[in-house]
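Novice: If it helps, the file is called data19.cif and holds mmCIF, N, CA and C atoms:
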data_entry
loop_
_atom_site.label_atom_id
_atom_site.label_comp_id
_atom_site.auth_asym_id
_atom_site.auth_seq_id
_atom_site.Cartn_x
_atom_site.Cartn_y
_atom_site.Cartn_z
N MET A 280 11.21 15.55 -27.30
CA MET A 280 12.34 14.76 -26.88
C MET A 280 12.49 13.48 -27.71
N TRP A 281 11.33 12.93 -28.15
CA TRP A 281 11.39 11.71 -28.96
C TRP A 281 12.21 11.94 -30.21
N PHE A 282 12.15 13.15 -30.77
CA PHE A 282 12.88 13.47 -32.00
C PHE A 282 14.39 13.38 -31.77
N VAL A 283 14.84 13.86 -30.62
CA VAL A 283 16.27 13.81 -30.29
C VAL A 283 16.74 12.35 -30.22
N PHE A 284 15.95 11.51 -29.55
CA PHE A 284 16.32 10.10 -29.45
C PHE A 284 16.26 9.41 -30.81
N ALA A 285 15.28 9.76 -31.63
CA ALA A 285 15.19 9.18 -32.98
C ALA A 285 16.39 9.60 -33.82
N LEU A 286 16.80 10.85 -33.71
CA LEU A 286 17.97 11.33 -34.44
C LEU A 286 19.24 10.64 -33.95
N LEU A 287 19.38 10.51 -32.64
CA LEU A 287 20.53 9.78 -32.09
C LEU A 287 20.53 8.33 -32.56
N SER A 288 19.36 7.73 -32.64
CA SER A 288 19.25 6.37 -33.15
C SER A 288 19.79 6.27 -34.57
N ALA A 289 19.45 7.24 -35.41
CA ALA A 289 19.93 7.26 -36.78
C ALA A 289 21.45 7.41 -36.83
N VAL A 290 21.99 8.28 -35.98
CA VAL A 290 23.44 8.48 -35.94
C VAL A 290 24.14 7.19 -35.51
N PHE A 291 23.63 6.55 -34.45
CA PHE A 291 24.25 5.31 -33.99
C PHE A 291 24.07 4.18 -35.00
N ALA A 292 22.94 4.15 -35.70
CA ALA A 292 22.74 3.15 -36.75
C ALA A 292 23.75 3.35 -37.87
N ALA A 293 24.03 4.59 -38.20
CA ALA A 293 25.04 4.87 -39.22
C ALA A 293 26.41 4.40 -38.76
N LEU A 294 26.74 4.69 -37.51
CA LEU A 294 28.01 4.23 -36.96
C LEU A 294 28.08 2.70 -36.94
N THR A 295 26.95 2.06 -36.66
CA THR A 295 26.89 0.60 -36.66
C THR A 295 27.32 0.05 -38.00
N SER A 296 26.85 0.66 -39.06
CA SER A 296 27.18 0.18 -40.41
C SER A 296 28.67 0.32 -40.69
N ILE A 297 29.22 1.47 -40.40
CA ILE A 297 30.63 1.73 -40.70
C ILE A 297 31.53 0.87 -39.80
N LEU A 298 31.28 0.91 -38.50
CA LEU A 298 32.09 0.13 -37.57
C LEU A 298 31.95 -1.37 -37.82
N GLY A 299 30.74 -1.79 -38.14
CA GLY A 299 30.50 -3.20 -38.43
C GLY A 299 31.23 -3.67 -39.67
N LYS A 300 31.22 -2.86 -40.71
CA LYS A 300 31.90 -3.24 -41.95
C LYS A 300 33.40 -3.42 -41.71
N VAL A 301 33.98 -2.52 -40.95
CA VAL A 301 35.41 -2.63 -40.63
C VAL A 301 35.66 -3.84 -39.72
N GLY A 302 34.82 -4.02 -38.72
CA GLY A 302 35.01 -5.08 -37.75
C GLY A 302 34.76 -6.47 -38.28
N ILE A 303 33.93 -6.60 -39.30
CA ILE A 303 33.56 -7.92 -39.80
C ILE A 303 34.61 -8.52 -40.74
N GLU A 304 35.58 -7.71 -41.12
CA GLU A 304 36.61 -8.18 -42.05
C GLU A 304 37.35 -9.38 -41.47
N GLY A 305 37.27 -10.50 -42.16
CA GLY A 305 37.94 -11.72 -41.74
C GLY A 305 37.24 -12.47 -40.62
N VAL A 306 36.00 -12.08 -40.28
CA VAL A 306 35.25 -12.72 -39.21
C VAL A 306 33.95 -13.27 -39.80
N ASN A 307 33.57 -14.47 -39.39
CA ASN A 307 32.30 -15.03 -39.83
C ASN A 307 31.17 -14.10 -39.40
N SER A 308 30.22 -13.86 -40.29
CA SER A 308 29.16 -12.89 -40.01
C SER A 308 28.29 -13.31 -38.82
N ASN A 309 28.04 -14.60 -38.66
CA ASN A 309 27.24 -15.06 -37.51
C ASN A 309 27.99 -14.85 -36.20
N LEU A 310 29.29 -15.12 -36.19
CA LEU A 310 30.10 -14.88 -35.01
C LEU A 310 30.14 -13.39 -34.69
N ALA A 311 30.30 -12.57 -35.71
CA ALA A 311 30.32 -11.11 -35.51
C ALA A 311 29.00 -10.64 -34.92
N THR A 312 27.88 -11.19 -35.41
CA THR A 312 26.58 -10.82 -34.88
C THR A 312 26.45 -11.24 -33.42
N ALA A 313 26.95 -12.42 -33.08
CA ALA A 313 26.88 -12.90 -31.70
C ALA A 313 27.68 -11.99 -30.76
N ILE A 314 28.86 -11.58 -31.22
CA ILE A 314 29.69 -10.67 -30.40
C ILE A 314 28.97 -9.35 -30.20
N ARG A 315 28.46 -8.80 -31.29
CA ARG A 315 27.73 -7.53 -31.22
C ARG A 315 26.53 -7.65 -30.29
N THR A 316 25.81 -8.76 -30.40
CA THR A 316 24.62 -8.97 -29.58
C THR A 316 24.98 -9.08 -28.10
N ALA A 317 26.09 -9.74 -27.80
CA ALA A 317 26.53 -9.85 -26.40
C ALA A 317 26.84 -8.48 -25.82
N VAL A 318 27.45 -7.63 -26.62
CA VAL A 318 27.75 -6.27 -26.16
C VAL A 318 26.45 -5.51 -25.91
N VAL A 319 25.50 -5.63 -26.83
CA VAL A 319 24.21 -4.96 -26.66
C VAL A 319 23.49 -5.48 -25.43
N LEU A 320 23.55 -6.78 -25.21
CA LEU A 320 22.90 -7.38 -24.04
C LEU A 320 23.45 -6.82 -22.74
N VAL A 321 24.77 -6.77 -22.64
CA VAL A 321 25.41 -6.23 -21.43
C VAL A 321 25.04 -4.76 -21.26
N MET A 322 25.09 -4.01 -22.34
CA MET A 322 24.78 -2.58 -22.28
C MET A 322 23.33 -2.34 -21.86
N ALA A 323 22.41 -3.13 -22.40
CA ALA A 323 20.99 -2.96 -22.07
C ALA A 323 20.73 -3.28 -20.60
N TRP A 324 21.29 -4.39 -20.11
CA TRP A 324 21.09 -4.74 -18.70
C TRP A 324 21.76 -3.74 -17.78
N LEU A 325 22.89 -3.21 -18.20
CA LEU A 325 23.55 -2.17 -17.41
C LEU A 325 22.63 -0.96 -17.25
N MET A 326 21.96 -0.57 -18.34
CA MET A 326 21.03 0.57 -18.28
C MET A 326 19.84 0.25 -17.36
N VAL A 327 19.36 -1.00 -17.40
CA VAL A 327 18.25 -1.40 -16.52
C VAL A 327 18.66 -1.22 -15.06
N PHE A 328 19.86 -1.68 -14.71
CA PHE A 328 20.31 -1.59 -13.31
C PHE A 328 20.67 -0.16 -12.92
N ILE A 329 21.26 0.59 -13.84
CA ILE A 329 21.59 1.99 -13.54
C ILE A 329 20.33 2.80 -13.24
N THR A 330 19.26 2.52 -13.99
CA THR A 330 18.01 3.26 -13.80
C THR A 330 17.07 2.58 -12.79
N ASN A 331 17.56 1.48 -12.18
CA ASN A 331 16.81 0.76 -11.15
C ASN A 331 15.44 0.29 -11.64
N GLN A 332 15.39 -0.25 -12.84
CA GLN A 332 14.13 -0.71 -13.43
C GLN A 332 13.95 -2.22 -13.37
N GLN A 333 14.90 -2.94 -12.78
CA GLN A 333 14.85 -4.40 -12.76
C GLN A 333 13.64 -4.95 -12.00
N THR A 334 13.08 -4.17 -11.10
CA THR A 334 11.91 -4.63 -10.34
C THR A 334 10.66 -4.71 -11.22
N GLY A 335 10.68 -4.09 -12.37
CA GLY A 335 9.52 -4.11 -13.27
C GLY A 335 9.33 -5.42 -14.01
N ILE A 336 10.29 -6.34 -13.93
CA ILE A 336 10.19 -7.61 -14.66
C ILE A 336 8.93 -8.38 -14.26
N ALA A 337 8.64 -8.42 -12.99
CA ALA A 337 7.48 -9.18 -12.50
C ALA A 337 6.16 -8.61 -12.99
N ASP A 338 6.14 -7.34 -13.39
CA ASP A 338 4.90 -6.69 -13.81
C ASP A 338 4.61 -6.84 -15.30
N ILE A 339 5.50 -7.46 -16.03
CA ILE A 339 5.32 -7.58 -17.48
C ILE A 339 4.26 -8.65 -17.78
N SER A 340 3.29 -8.30 -18.61
CA SER A 340 2.20 -9.22 -18.93
C SER A 340 2.67 -10.33 -19.88
N LYS A 341 1.89 -11.40 -19.93
CA LYS A 341 2.20 -12.52 -20.82
C LYS A 341 2.23 -12.05 -22.28
N LYS A 342 1.27 -11.22 -22.64
CA LYS A 342 1.21 -10.68 -24.01
C LYS A 342 2.48 -9.91 -24.33
N SER A 343 2.92 -9.06 -23.41
CA SER A 343 4.14 -8.28 -23.63
C SER A 343 5.34 -9.20 -23.77
N TRP A 344 5.43 -10.26 -22.92
CA TRP A 344 6.54 -11.21 -23.03
C TRP A 344 6.56 -11.86 -24.42
N ILE A 345 5.39 -12.25 -24.90
CA ILE A 345 5.31 -12.90 -26.22
C ILE A 345 5.78 -11.95 -27.32
N PHE A 346 5.26 -10.73 -27.31
CA PHE A 346 5.60 -9.80 -28.38
C PHE A 346 7.03 -9.27 -28.27
N LEU A 347 7.53 -9.11 -27.05
CA LEU A 347 8.94 -8.72 -26.90
C LEU A 347 9.86 -9.84 -27.37
N THR A 348 9.47 -11.08 -27.11
CA THR A 348 10.25 -12.22 -27.59
C THR A 348 10.25 -12.29 -29.11
N LEU A 349 9.07 -12.12 -29.71
CA LEU A 349 8.98 -12.11 -31.17
C LEU A 349 9.78 -10.96 -31.77
N SER A 350 9.72 -9.81 -31.12
CA SER A 350 10.51 -8.66 -31.57
C SER A 350 12.00 -8.96 -31.49
N GLY A 351 12.40 -9.62 -30.41
CA GLY A 351 13.81 -10.01 -30.27
C GLY A 351 14.24 -10.98 -31.35
N LEU A 352 13.38 -11.94 -31.69
CA LEU A 352 13.69 -12.87 -32.76
C LEU A 352 13.81 -12.15 -34.11
N ALA A 353 12.91 -11.20 -34.34
CA ALA A 353 12.98 -10.42 -35.58
C ALA A 353 14.26 -9.59 -35.62
N THR A 354 14.63 -9.01 -34.48
CA THR A 354 15.87 -8.23 -34.40
C THR A 354 17.07 -9.12 -34.69
N GLY A 355 17.10 -10.29 -34.08
CA GLY A 355 18.20 -11.22 -34.32
C GLY A 355 18.30 -11.63 -35.78
N ALA A 356 17.17 -11.94 -36.39
CA ALA A 356 17.17 -12.31 -37.81
C ALA A 356 17.65 -11.14 -38.67
N SER A 357 17.19 -9.94 -38.34
CA SER A 357 17.61 -8.75 -39.07
C SER A 357 19.12 -8.55 -38.96
N TRP A 358 19.65 -8.66 -37.75
CA TRP A 358 21.09 -8.45 -37.55
C TRP A 358 21.91 -9.51 -38.26
N LEU A 359 21.47 -10.77 -38.21
CA LEU A 359 22.20 -11.84 -38.90
C LEU A 359 22.25 -11.57 -40.41
N CYS A 360 21.10 -11.21 -40.96
CA CYS A 360 21.04 -10.91 -42.40
C CYS A 360 21.84 -9.66 -42.74
N TYR A 361 21.76 -8.65 -41.88
CA TYR A 361 22.46 -7.38 -42.13
C TYR A 361 23.97 -7.58 -42.14
N PHE A 362 24.49 -8.32 -41.15
CA PHE A 362 25.94 -8.53 -41.11
C PHE A 362 26.41 -9.40 -42.26
N LYS A 363 25.60 -10.37 -42.68
CA LYS A 363 25.97 -11.19 -43.84
C LYS A 363 25.99 -10.31 -45.09
N ALA A 364 25.01 -9.46 -45.23
CA ALA A 364 24.97 -8.55 -46.37
C ALA A 364 26.16 -7.59 -46.35
N LEU A 365 26.49 -7.06 -45.17
CA LEU A 365 27.65 -6.17 -45.05
C LEU A 365 28.94 -6.88 -45.42
N GLN A 366 29.04 -8.14 -45.01
CA GLN A 366 30.24 -8.91 -45.32
C GLN A 366 30.38 -9.12 -46.82
N MET A 367 29.26 -9.30 -47.50
CA MET A 367 29.28 -9.63 -48.92
C MET A 367 29.22 -8.41 -49.84
N GLY A 368 28.68 -7.30 -49.36
CA GLY A 368 28.45 -6.16 -50.23
C GLY A 368 29.01 -4.86 -49.67
N ASP A 369 28.91 -3.82 -50.48
CA ASP A 369 29.35 -2.49 -50.08
C ASP A 369 28.33 -1.85 -49.13
N VAL A 370 28.82 -1.14 -48.14
CA VAL A 370 27.94 -0.43 -47.20
C VAL A 370 27.00 0.50 -47.96
N THR A 371 27.52 1.15 -48.98
CA THR A 371 26.72 2.13 -49.73
C THR A 371 25.58 1.49 -50.52
N ARG A 372 25.60 0.17 -50.65
CA ARG A 372 24.50 -0.52 -51.32
C ARG A 372 23.63 -1.28 -50.32
N VAL A 373 24.24 -1.80 -49.27
CA VAL A 373 23.50 -2.57 -48.27
C VAL A 373 22.58 -1.66 -47.46
N VAL A 374 23.11 -0.54 -46.99
CA VAL A 374 22.34 0.33 -46.09
C VAL A 374 21.06 0.87 -46.73
N PRO A 375 21.10 1.36 -47.97
CA PRO A 375 19.83 1.84 -48.55
C PRO A 375 18.75 0.75 -48.62
N ILE A 376 19.16 -0.46 -48.95
CA ILE A 376 18.19 -1.55 -49.00
C ILE A 376 17.66 -1.84 -47.60
N ASP A 377 18.55 -1.85 -46.62
CA ASP A 377 18.14 -2.06 -45.23
C ASP A 377 17.13 -1.01 -44.80
N LYS A 378 17.30 0.21 -45.26
CA LYS A 378 16.41 1.30 -44.85
C LYS A 378 15.04 1.23 -45.52
N LEU A 379 14.86 0.27 -46.43
CA LEU A 379 13.50 0.02 -46.92
C LEU A 379 12.60 -0.44 -45.78
N SER A 380 13.22 -0.77 -44.65
CA SER A 380 12.44 -1.13 -43.46
C SER A 380 11.49 0.00 -43.08
N VAL A 381 11.85 1.22 -43.40
CA VAL A 381 10.96 2.36 -43.11
C VAL A 381 9.65 2.20 -43.88
N VAL A 382 9.75 1.88 -45.16
CA VAL A 382 8.57 1.69 -46.00
C VAL A 382 7.75 0.51 -45.49
N ILE A 383 8.43 -0.60 -45.23
CA ILE A 383 7.75 -1.80 -44.76
C ILE A 383 7.08 -1.55 -43.42
N THR A 384 7.75 -0.82 -42.53
CA THR A 384 7.19 -0.51 -41.22
C THR A 384 5.93 0.33 -41.34
N LEU A 385 5.95 1.34 -42.21
CA LEU A 385 4.77 2.18 -42.39
C LEU A 385 3.58 1.36 -42.89
N ILE A 386 3.83 0.46 -43.82
CA ILE A 386 2.76 -0.39 -44.35
C ILE A 386 2.23 -1.32 -43.26
N LEU A 387 3.14 -1.95 -42.51
CA LEU A 387 2.71 -2.86 -41.45
C LEU A 387 1.98 -2.11 -40.33
N ALA A 388 2.42 -0.89 -40.02
CA ALA A 388 1.74 -0.09 -38.99
C ALA A 388 0.32 0.24 -39.43
N PHE A 389 0.14 0.49 -40.72
CA PHE A 389 -1.20 0.77 -41.25
C PHE A 389 -2.08 -0.48 -41.18
N VAL A 390 -1.53 -1.61 -41.62
CA VAL A 390 -2.32 -2.85 -41.69
C VAL A 390 -2.62 -3.42 -40.30
N PHE A 391 -1.60 -3.52 -39.45
CA PHE A 391 -1.79 -4.22 -38.17
C PHE A 391 -2.09 -3.31 -36.98
N LEU A 392 -1.56 -2.10 -36.98
CA LEU A 392 -1.77 -1.19 -35.85
C LEU A 392 -2.84 -0.15 -36.14
N HIS A 393 -3.33 -0.16 -37.38
CA HIS A 393 -4.38 0.77 -37.82
C HIS A 393 -3.96 2.22 -37.66
N GLU A 394 -2.66 2.47 -37.85
CA GLU A 394 -2.18 3.84 -37.82
C GLU A 394 -2.51 4.51 -39.15
N GLU A 395 -2.60 5.81 -39.10
CA GLU A 395 -3.00 6.57 -40.28
C GLU A 395 -1.93 6.49 -41.37
N PHE A 396 -2.38 6.25 -42.60
CA PHE A 396 -1.50 6.25 -43.77
C PHE A 396 -2.01 7.34 -44.69
N THR A 397 -1.32 8.47 -44.65
CA THR A 397 -1.78 9.66 -45.35
C THR A 397 -1.11 9.78 -46.72
N ALA A 398 -1.52 10.78 -47.45
CA ALA A 398 -0.88 11.06 -48.74
C ALA A 398 0.61 11.38 -48.51
N LYS A 399 0.89 12.08 -47.42
CA LYS A 399 2.28 12.39 -47.08
C LYS A 399 3.08 11.10 -46.82
N SER A 400 2.47 10.14 -46.12
CA SER A 400 3.13 8.85 -45.88
C SER A 400 3.40 8.13 -47.19
N LEU A 401 2.42 8.14 -48.07
CA LEU A 401 2.55 7.48 -49.37
C LEU A 401 3.67 8.11 -50.19
N ILE A 402 3.69 9.44 -50.23
CA ILE A 402 4.75 10.14 -50.98
C ILE A 402 6.12 9.82 -50.38
N GLY A 403 6.21 9.83 -49.05
CA GLY A 403 7.47 9.49 -48.39
C GLY A 403 7.93 8.08 -48.73
N CYS A 404 7.01 7.13 -48.71
CA CYS A 404 7.34 5.74 -49.05
C CYS A 404 7.83 5.63 -50.49
N VAL A 405 7.15 6.29 -51.38
CA VAL A 405 7.55 6.25 -52.79
C VAL A 405 8.94 6.88 -52.97
N LEU A 406 9.19 7.99 -52.30
CA LEU A 406 10.49 8.65 -52.41
C LEU A 406 11.61 7.80 -51.82
N ILE A 407 11.35 7.16 -50.69
CA ILE A 407 12.36 6.29 -50.08
C ILE A 407 12.66 5.11 -51.01
N ALA A 408 11.61 4.50 -51.53
CA ALA A 408 11.79 3.37 -52.44
C ALA A 408 12.54 3.81 -53.71
N ALA A 409 12.16 4.96 -54.26
CA ALA A 409 12.86 5.46 -55.46
C ALA A 409 14.31 5.79 -55.14
N GLY A 410 14.55 6.41 -54.00
CA GLY A 410 15.92 6.71 -53.60
C GLY A 410 16.76 5.46 -53.43
N THR A 411 16.15 4.43 -52.88
CA THR A 411 16.87 3.15 -52.73
C THR A 411 17.24 2.60 -54.09
N LEU A 412 16.31 2.62 -55.02
CA LEU A 412 16.60 2.12 -56.37
C LEU A 412 17.72 2.90 -57.03
N VAL A 413 17.69 4.21 -56.89
CA VAL A 413 18.72 5.06 -57.49
C VAL A 413 20.09 4.71 -56.89
N MET A 414 20.14 4.48 -55.58
CA MET A 414 21.42 4.22 -54.92
C MET A 414 22.00 2.84 -55.19
N VAL A 415 21.15 1.85 -55.44
CA VAL A 415 21.67 0.49 -55.59
C VAL A 415 21.83 0.05 -57.04
N LEU A 416 21.24 0.76 -57.95
CA LEU A 416 21.35 0.37 -59.37
C LEU A 416 22.58 0.99 -60.03
#
Represent the structure from my file as structure tokens, please.

Specialist:
Amino acid sequence: MWFVFALLSAVFAALTSILGKVGIEGVNSNLATAIRTAVVLVMAWLMVFITNQQTGIADISKKSWIFLTLSGLATGASWLCYFKALQMGDVTRVVPIDKLSVVITLILAFVFLHEEFTAKSLIGCVLIAAGTLVMVL
């Protein structure tokens, strides 16, 4: 089931790029990011209430609060940079560079989470990086 959600995530991320590029025309990138974030915030809380998960807030540990907050800050920084890049550049050049996050994530997962980094992971990283270079040059 995780694969289905991961695939849907990729589809929605692709739609984000296209819809965002059209929507950002004539709008300050920071304002556009704030609008997008407000929509995501409402949607996320709506899902919490629909699934009746709001009672779990009290059970969240201090460590989880810290790391979820840091993750939120990283997401915000990513979105601000992404929308600025979309405003300034072509989607076909911005998106491949953005997807280098896959390579960076695999490296960080190996270093900090001690996840396995196999020959297959290395080949995948090299191919993604090479593909990005081919697409943006």

Novice: Ranking A:Lys378, A:Phe362, A:Ala289, A:Trp281 by minimum distance to Leu310 (chain A) and counting only C-alpha atoms, which one comes first?

Specialist: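 Closest residue, counting only C-alpha atoms: A:Phe362.
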
Novice: Need the shell around Val382 (chain A): protein/DNA/RNA residues with any atom at most 8 Å away, counting only C-alpha atoms. Skip same-chain ones fewer than 3 positions apart. Format as a short mmCIF file (atom, residue, chain, number, x, y, z; two decimals) with N, CA and C atoms, in the coordinates of the input?

Specialist:
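This went into selection.cif:
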data_model
loop_
_atom_site.label_atom_id
_atom_site.label_comp_id
_atom_site.auth_asym_id
_atom_site.auth_seq_id
_atom_site.Cartn_x
_atom_site.Cartn_y
_atom_site.Cartn_z
N LYS A 378 17.30 0.21 -45.26
CA LYS A 378 16.41 1.30 -44.85
C LYS A 378 15.04 1.23 -45.52
N LEU A 379 14.86 0.27 -46.43
CA LEU A 379 13.50 0.02 -46.92
C LEU A 379 12.60 -0.44 -45.78
N LEU A 385 5.95 1.34 -42.21
CA LEU A 385 4.77 2.18 -42.39
C LEU A 385 3.58 1.36 -42.89
N ILE A 386 3.83 0.46 -43.82
CA ILE A 386 2.76 -0.39 -44.35
C ILE A 386 2.23 -1.32 -43.26
N CYS A 404 7.01 7.13 -48.71
CA CYS A 404 7.34 5.74 -49.05
C CYS A 404 7.83 5.63 -50.49
N ILE A 407 11.35 7.16 -50.69
CA ILE A 407 12.36 6.29 -50.08
C ILE A 407 12.66 5.11 -51.01
N ALA A 408 11.61 4.50 -51.53
CA ALA A 408 11.79 3.37 -52.44
C ALA A 408 12.54 3.81 -53.71
#

Novice: Do you know which residues are at most 8 Å from region 347-358 of chain A counting all atoms listed in the file, after dropping those on the same chain fewer than 3 positions away, and could you put them as an MDAnalysis selection string?

Specialist: chainID A and resid 308:309 311:313 341:344 361:364

Novice: Quick check, in Å to one decimal: how far apart do CA of Gly368 (chain A) and CA of Lys300 (chain A) lie?

Specialist: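 Interatomic distance, CA of Gly368 (chain A) to CA of Lys300 (chain A): 9.4 Å.
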
Novice: Distance CA of Leu416 (chain A)-CA of Leu365 (chain A), one decimal place?

Specialist: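 Taking CA of Leu416 (chain A) as the start and CA of Leu365 (chain A) as the end point, the length is 17.0 Å.
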
Novice: So which residues get picked by the PyMOL selection byres (((chain A and resi 372 and name CA) around 12) and name CA) here, written as a list in words?

Specialist: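 Here the PyMOL selection byres (((chain A and resi 372 and name CA) around 12) and name CA) matches Ser296, Tyr361, Ala364, Leu365, Gln366, Met367, Gly368, Asp369, Val370, Thr371, Val373, Val374, Pro375, Ile376, Asp377, Lys378, Leu379, Gly410, Thr411, Leu412, Val413, Met414, Val415 and Leu416 of chain A.
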
Novice: Take CA of Val290 (chain A) and CA of Gln332 (chain A) and report the distance between them in Å, one decimal.

Specialist: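 Computed distance, CA of Val290 (chain A) to CA of Gln332 (chain A), equals 26.0 Å.
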
Novice: Give, as lines of an AutoDock Vina configuration file, the centre coordinates and the x, y and z edge lengths in Å to one decimal for an axis-aligned box around all listed atoms of region 359-373 of chain A, padded by 8 Å on each side.

Specialist:
center_x = 25.7
center_y = -4.9
center_z = -44.8
size_x = 25.3
size_y = 30.0
size_z = 29.1

Novice: Step one, run DSSP on the backbone; step two, keep only residues of chain A assigned to alpha helix (DSSP H); then write them as an NGL selection string.

Specialist: :A and (281-302 or 308-329 or 341-367 or 370-377 or 380-391 or 398-415)
